[in-house]
Amino acid sequence: MKKLNVIGKRVRRIDALAKVLGKAVYSDDLVLPHMLYGKALHSALPHARILKLDIEKAKALSGVCVVLTAKDVINNDKYHRTGDTWVLAEDEVRYVGDIIAIVAAESEKIAEHAINLIEVEYEPLPVVISLEDAVKGIKLTRCDKPDNIAMPIQVTRGDVDTDFEKADTVVSGKYIFPCLHQVHLETNSATAVYELGQLVVYCGSQVWFRTRHELSKITGLKEENIIVKAMVMGGAFGARNEQIVPILSALLTMATKMPVKFTNSRLEEFLTTRPSVGMEIELTIAADKKGKFLSKKSRLLTDFGAFTSDSDAVTAIASLRSDINYRFNSVFVEATGLYTNHAPTSAYRGFGNQQMHFPLESLIDELADKLNLDPTEIRLKNFTQPNDISIHGNAISSCGLNECMEKAKKLMNWDKKRKNKVPGKGLGVATLVHASSSRAGEPEFAGSCSELRLESNRKFTVLIGECEMGQGASTVMAQIVAEEFGICPSDVTVIMGDTDLVPFSTGTHGTKLTTNLGNSLLFACKDVKEQLTKCLRERLGTGPVEIKDGQIISTNTQKNLMPLSEAVKQASYANSGRPFIGLGIFEPKTVMGDRTGYGNIAPTYPFGIQMAEITMQEDGDFIIDKIVSVHDIGKVINHDMALGQIYGGVMQAVGFTTLENLSINQEGIFQANTLLEYKPPTILEMPEIIGDFVETIDPYGPYGAKGIGEPPIISVAPAVANAIFNACGIRYDDIPITPMKVRKKILEKKKNEKQSV
Amino acid sequence: MEEQMMCIDININGKNYQDNVPTHITLLDYLRNYRQLTGTKKACGAGECGSCTVLLDGRAVYSCITLAIQAHGKHVETIEALGDDENLHPIQQAYIDAGAVQCGYCTPGMIMSTKELLTKKSAPQDTEIKEALAGNICRCTGYKQIVDAVKIAAEEMTFEINENGRQS
C-alpha cells in the first residue's frame with residue numbers, strides 16, 4: 001500500500017475554528033428582515049376526537065399574521081413516506097403533542113399568546129400505552145386502524161426445531177428496552193422564505209432531499225422550485241431523519257409571504273420529535289455442551305407510537321442485524337410493530353441494533369455462566385470470521401472480532417482480574433456488529449455521488465448531498481482530497497447540503513459516509529486529476545505528468561515541473577478559465593433484503609468489543625469504573641475523531657443504561673420532558689473510557705476504512721449488566737439499571753437467602 | 001400584553017451599551033436578539049444544559065435564567081470576546097487541538113465555564129475540572145476530550161503568564 005501523508009494522521013477538524021469562535025451559524029441564529037415567528041398548538045390528550053376548534057380569538061390578536069389548521073393544508077395527509085399520518089390533526093389526535101394548529105406572528109411572544117387563545121373541545125377516546133395492551137387490541141390507538149398492529153415480521157432460517165432438539169443447554173429471558181430520546185443539544189429550527197414562486201428553507205437535516213420531497217408533496221410546489229439550505233447542525237443522532245419543523249415554517253411563509261422562523265422549545269422536542277423504538281424482547285438460545293451456539297428464537301414487540309415513522313425499518317434491523325456476530329445454524333424471529341398513543345418513534349444511533357444486542361449479549365453471558373465458561377471464551381468459540389456469509393446473507397469482507405477481543409482483554413487486564421476477583425468488583429463483556437453504508441432512503445439505492453471542483457485559484461470544493469451533523473464527515477472528506485492531491489485539509493472547502501448545489505443523496509444514515517461517500521470522492525479526485533493532467537499535456541505541452549505532494553511531476557523524467565497551484569492556474573487560463581469538475585460515483589455490490597430480510601445490505605460491516613468494570617456497594621449503589629471499547633473499523637482515517645465517536649457513543653449508552661428514562665405514564669405523557677428529569681449524563685457520570693482500534697484493512701472501504709458513527713453506542717448496556725451480574729450475581733433484564741432497582745433486587749435476594757436458611 | 005420596560009447600562013465584551021428592554025427578557029435573549037451576539041446558544045431555556053453560559057462580572061451564569069435587567073451595571077463576557085481567527089484564546093486553541101469539538105453547540109458555553117475555572121485555578125485537578133463543567137451538557141464528545149482540552153489550556157495559560165513574568 002502506498003505511503004499515506006494525511007489519512008490516519010493527526011488532522012484537526014476543519015469546522016472547529018468557527019465553532020470555538022461562536023461564529024458557526026446554526027438554524028436559530030439566522031435572522032431575516034421582516035421575519036415572523038411560528039408556534040404550534042399541540043394536543044393535550046393522548047387520544048381524542050376533536051369536537052370543536054375555534055381560532056377566531058387567536059386570529060384577532062394584534063400582531064398575528066395567520067392561523068392555519070388542517071383545512072388550510074391542501075395535501076395534509078401526504079406527510080411522510082409511509083403515508084400513515086398527517087401534518088395537522090383534524091378530527092382525531094393520537095398523542096400528546098400531535099399538532100392541531102400553527103400560528104405566525106410578529107414576535108415569538110405574540111405567537112405563544114395566540115396559541116393560548118385557540119379553543120379546542122375534545123371527546124376523550126380509549127388510550128393504549130403499554131405494548132401488552134396494544135397487542136391485545138381491545139382498545140384501539142387509532143380510529144382508522146382495525147387493530148394496533150403496524151407491522152408483522154416472521155423469519156425462519158435453517159432447521160430451528162432440530163437444532164433445539166439437539167441442544168444440551170437452552171437459556172431464555174425476557175427483556176425490556178424503553179423508548180429513549182436522542183437529545184441533540186440544538187432544538188429543531190427552520191426558517192422559510194417564499195418569494196417569486198420559490199420556497200427556500202434554511203434548516204438542519206440528515207436527509208436534505210427527503211425534506212425537499214416532503215415539502216413538495218405537502219405544499220404542492222414542484223421540487224425544482226424548492227431549495228433546502230444547510231445550516232450548521234447541533235447534533236442529530238438519527239433524530240433528524242424526519243422533522244416537521246421545516247414543513248411548518250414553509251406552510252406559514254406561503255400563507256403570509258413573509259419569512260417565518262419556527263424553533264422548537266425543549267418541551268416541544270420531547271413531545272413532538274421522534275424518540276427511539278421501545279421494545280420488549282423474548283429470547284431463547286440453544287447451545288451444545290461445549291458452548292457452540294446452535295439456534296436462537298426471538299419474539300419482539302416494538303413500540304411505534306402513534307404512526308409509522310422509520311420504526312418499521314428499525315424493527316427489521318433489530319430483528320436480524322445482531323445475528324451477524326456469530327455463526328448460528330438456524331434462527332427464528334417474529335416481530336410485531338404496534339401503535340400506541342405517544343409520540344411516533346424512529347431512528348436513534350444504532351437503528352434498533354442496540355435494542356437487540358442487550359438481550360442477546362446478556363443471555364450469552366448467562367449461557368457462559370451455566371456452562372462454566374469464561375464469557376470471552378464462549379464468544380470466541382462462536383464469532384463470525386472473515387469471508388463468512390451470515391445466516392441472513394451479509395457478506396463479511398473483513399472481521400477483526402478475535403483481535404478486538406484480545407486487545408480488549410489486555411486493556412481491561414481481564415484474565416488477571418477474573419482470577420483474583422475483588423469482592424464488589426464486576427467485569428462484563430459484550431460483542432457488537434453494525435453495517436457500514438446500509439442501503440436505505442427514498443428512493444432506495446446503494447451508492448453515493450461526490451462532486452469535486454478545482455478552480456483556477458487552486459481552491460478545492462467538495463459538493464455532497466449528505467450532512468455534517470457534528471460527526472466530522474466534512475473533515476474526513478477534506479482529508480481524502482488532501483491525501484490525493486498532496487495539499488492541506490484546511491485548504492479544502494466541503495459543502496454538505498444545499499439542494500440546488502449538491503448531487504442528490506438518500507441521506508446521512510447507516511454509518512455510510514466514510515465508506516460510501518469516501519469511495520465516491522476518491523473517484524471524483526481521479527476524474528479531476530485526469531482532466532487536469534490531460535489539459536497540461538495537450539495545452540501546455542508538458543508531456544505525461546502526475547500529481548504528487550502538491551507538485552506536477554513529469555512521468556518520464558520524474559522531474560518536478562511546477563507546483564500544483566501554478567499548473568491549475570495555467571491550465572485553467574489556457575482553457576478560457578474553466579474549472580476542473582470531477583464526478584465520482586460509488587455503487588457497492590449490495591443486495592437489498594428480500595421479503596424475509598435475506599440480503600447483503602451493506603458493502604462492509606464494522607465490529608467491536610465492549611467491556612465494563614463496575615464497583616458495587618452493599619446497598620446497591622454502583623459506579624461504572626471503566627469502559628474498554630475496541631473497534632474494528634478498518635483503516636482509521638482520523639484517530640482523534642474516531643476516538644471522539646467512541647467516547648461520545650459510549651457515554652450516550654452509559655446514559656441510557658443507568659440514568660435516562662422518558663417515564664411514559666398511562667396518559668401517554670413523557671413525564672421526564674426536561675433535561676433535568678430525562679437526565680442525559682453530565683461530566684460527573686463519565687467513567688474512565690479506553691477506546692482503541694483493530695485496523696483490518698477492508699477491501700471495499702476507501703484506504704480500507706469502515707465507519708464508526710453508530711457502533712460505539714451498541715453493547716455498552718449488556719457489558720454493564722453482565723458486570724453487575726459478575727459483581728453481585730443478579731441479572732437485570734430492563735434498562736435503565738438504576739441504583740434503586742439494584743438495591744431492590746439485592747434486598748429481595750437477601751430475604752430469599754434468609755428464608756431458605 | 002403591556003410590557004414593562006427598563007433602561008439598562010451594561011458592559012458587554014468591553015463595550016458599554018444603554019438599552020431599553022422589557023423587564024422580563026432574559027440576558028440570553030437580550031444578547032442574541034438585541035446585540036446580535038449569537039455565539040451564545042439556547043438549548044433548554046431552563047438552566048439545565050449550560051449552552052447559554054456567559055461570564056457575569058467574571059462568574060459563569062446561565063444566561064437563559066438570568067434576566068437582562070440583572071446585568072444592569074455589570075460586565076458581561078461572551079464567547080465573542082475571547083479571540084478571533086488570527087489570535088485564538090488558548091482555551092479555544094486547546095479545544096481544537098484536543099478534539100473537544102463535535103457538533104459545537106455546547107462549545108461556547110463549555111469554553112466560558114472553562115474560562116471561569118482557569119481564572120480561579122491555574123492547574124485544576126480532574127475533580128475540579130469535572131465540578132466546574134458539571135453544569136454543561138455535551139451530547140457528542142462523552143466529555144473525555146473536553147477534560148483534555150482544559151488541561152492543555154491550563155498548561156498553556158500558565159506558560160504564558162510565566163513568559164510575561166507576571167506570575168511564577
# chains A, B, ... in the order shown; residues from 1 in each chain; ligands from 1
$ interface_residues --of "chain A" --to "chain B" --cutoff "8 Å" --atoms "only C-alpha atoms" --output "NGL selection string"
:A and (12-13 or 16-17 or 19-24 or 29 or 183-187 or 233-235 or 265-266 or 469-472 or 640-641 or 644-645 or 647-652 or 674-676 or 680-684 or 686 or 689)
$ residues_around --residues "Ile69 in chain B" --least-positions-apart "6" --cutoff "8 Å" --atoms "only C-alpha atoms" --output "ChimeraX atom specification"
/B:6,8,21,23,27
$ closest_residue --among "B:Phe159, B:Ala154, B:Arg35, B:Gly14" --to "Lys121 in chain B" --atoms "only C-alpha atoms"
B:Ala154
$ atom_distance --atom1 "CA of Leu564 in chain A" --atom2 "CA of Ile547 in chain A"
7.4 Å
$ select_by_dssp --residues "range 253-316 of chain A" --states "strand (DSSP E)" --output "PyMOL selection string"
chain A and resi 260-263+278-287+293-305
$ select_by_dssp --residues "range 343-582 of chain A" --states "helix (DSSP H, G or I)" --output "ChimeraX atom specification"
/A:353-370,375-382,401-412,414-419,473-485,489-491,513-540,564-573
$ closest_residue --among "B:Thr158, B:Asn20, B:Gln4, B:Thr53" --to "Thr114 in chain B" --atoms "only C-alpha atoms"
B:Thr53
$ residues_around --residues "Asn353 in chain A" --least-positions-apart "5" --cutoff "7 Å" --atoms "only C-alpha atoms" --output "list in words"
Ile317, Ala318, Arg321, Ser322 and Ile714 of chain A
$ residues_around --residues "range 357-368 of chain A" --least-positions-apart "6" --cutoff "6 Å" --atoms "only C-alpha atoms" --output "PyMOL selection string"
chain A and resi 375+430+715+718
$ write_last_selection --atoms "N, CA and C atoms" --output "compact mmCIF listing (two decimals), in the first residue's frame"
# COMPACT_ATOMS: atom_id res chain seq x y z
N PRO A 375 -16.80 -15.70 29.84
CA PRO A 375 -17.66 -15.04 28.85
C PRO A 375 -16.93 -14.64 27.57
N ALA A 430 -19.29 -7.65 26.03
CA ALA A 430 -20.33 -7.83 25.01
C ALA A 430 -19.73 -7.53 23.64
N SER A 715 -24.07 -2.27 22.62
CA SER A 715 -23.49 -3.29 23.52
C SER A 715 -22.80 -2.77 24.78
N PRO A 718 -25.40 -4.22 27.69
CA PRO A 718 -25.19 -5.57 28.18
C PRO A 718 -23.83 -5.76 28.87
$ residues_around --residues "Thr26 in chain B" --least-positions-apart "5" --cutoff "7 Å" --atoms "only C-alpha atoms" --output "mmCIF file with N, CA and C atoms, in the first residue's frame"
data_model
loop_
_atom_site.group_PDB
_atom_site.id
_atom_site.type_symbol
_atom_site.label_atom_id
_atom_site.label_comp_id
_atom_site.auth_asym_id
_atom_site.auth_seq_id
_atom_site.Cartn_x
_atom_site.Cartn_y
_atom_site.Cartn_z
ATOM 1 N N SER B 63 -27.276 32.249 31.139
ATOM 2 C CA SER B 63 -27.940 33.495 30.718
ATOM 3 C C SER B 63 -29.411 33.272 30.378
ATOM 4 N N CYS B 64 -29.846 32.004 30.256
ATOM 5 C CA CYS B 64 -31.265 31.753 29.931
ATOM 6 C C CYS B 64 -32.151 31.867 31.165
ATOM 7 N N ILE B 65 -31.563 31.839 32.354
ATOM 8 C CA ILE B 65 -32.377 32.054 33.558
ATOM 9 C C ILE B 65 -31.878 33.264 34.349
ATOM 10 N N THR B 66 -31.173 34.139 33.624
ATOM 11 C CA THR B 66 -30.762 35.420 34.210
ATOM 12 C C THR B 66 -31.503 36.501 33.430
ATOM 13 N N LEU B 67 -32.113 37.422 34.116
ATOM 14 C CA LEU B 67 -32.800 38.494 33.399
ATOM 15 C C LEU B 67 -31.778 39.514 32.898
ATOM 16 N N ALA B 68 -32.104 40.132 31.771
ATOM 17 C CA ALA B 68 -31.214 41.167 31.240
ATOM 18 C C ALA B 68 -31.025 42.274 32.274
#
$ closest_residue --among "A:Phe177, A:Tyr194, A:Phe332, A:Tyr26" --to "Asp303 in chain A" --atoms "only C-alpha atoms"
A:Phe177
$ residues_around --residues "Asp415 in chain A" --least-positions-apart "6" --cutoff "12 Å" --atoms "only C-alpha atoms" --output "MDAnalysis selection string"
chainID A and resid 374:377 405:406 408:409 421 427
$ write_last_selection --atoms "C-alpha atoms" --output "short mmCIF file (atom, residue, chain, number, x, y, z; two decimals), in the first residue's frame"
data_model
loop_
_atom_site.label_atom_id
_atom_site.label_comp_id
_atom_site.auth_asym_id
_atom_site.auth_seq_id
_atom_site.Cartn_x
_atom_site.Cartn_y
_atom_site.Cartn_z
CA ASP A 374 -15.32 -17.53 30.60
CA PRO A 375 -17.66 -15.04 28.85
CA THR A 376 -14.89 -14.11 26.44
CA GLU A 377 -14.20 -17.76 25.62
CA MET A 405 -11.30 -9.41 21.99
CA GLU A 406 -7.61 -9.98 22.50
CA ALA A 408 -9.87 -5.53 24.96
CA LYS A 409 -8.81 -8.30 27.36
CA LYS A 421 -11.69 -11.34 41.92
CA LEU A 427 -16.40 -7.35 34.85
#
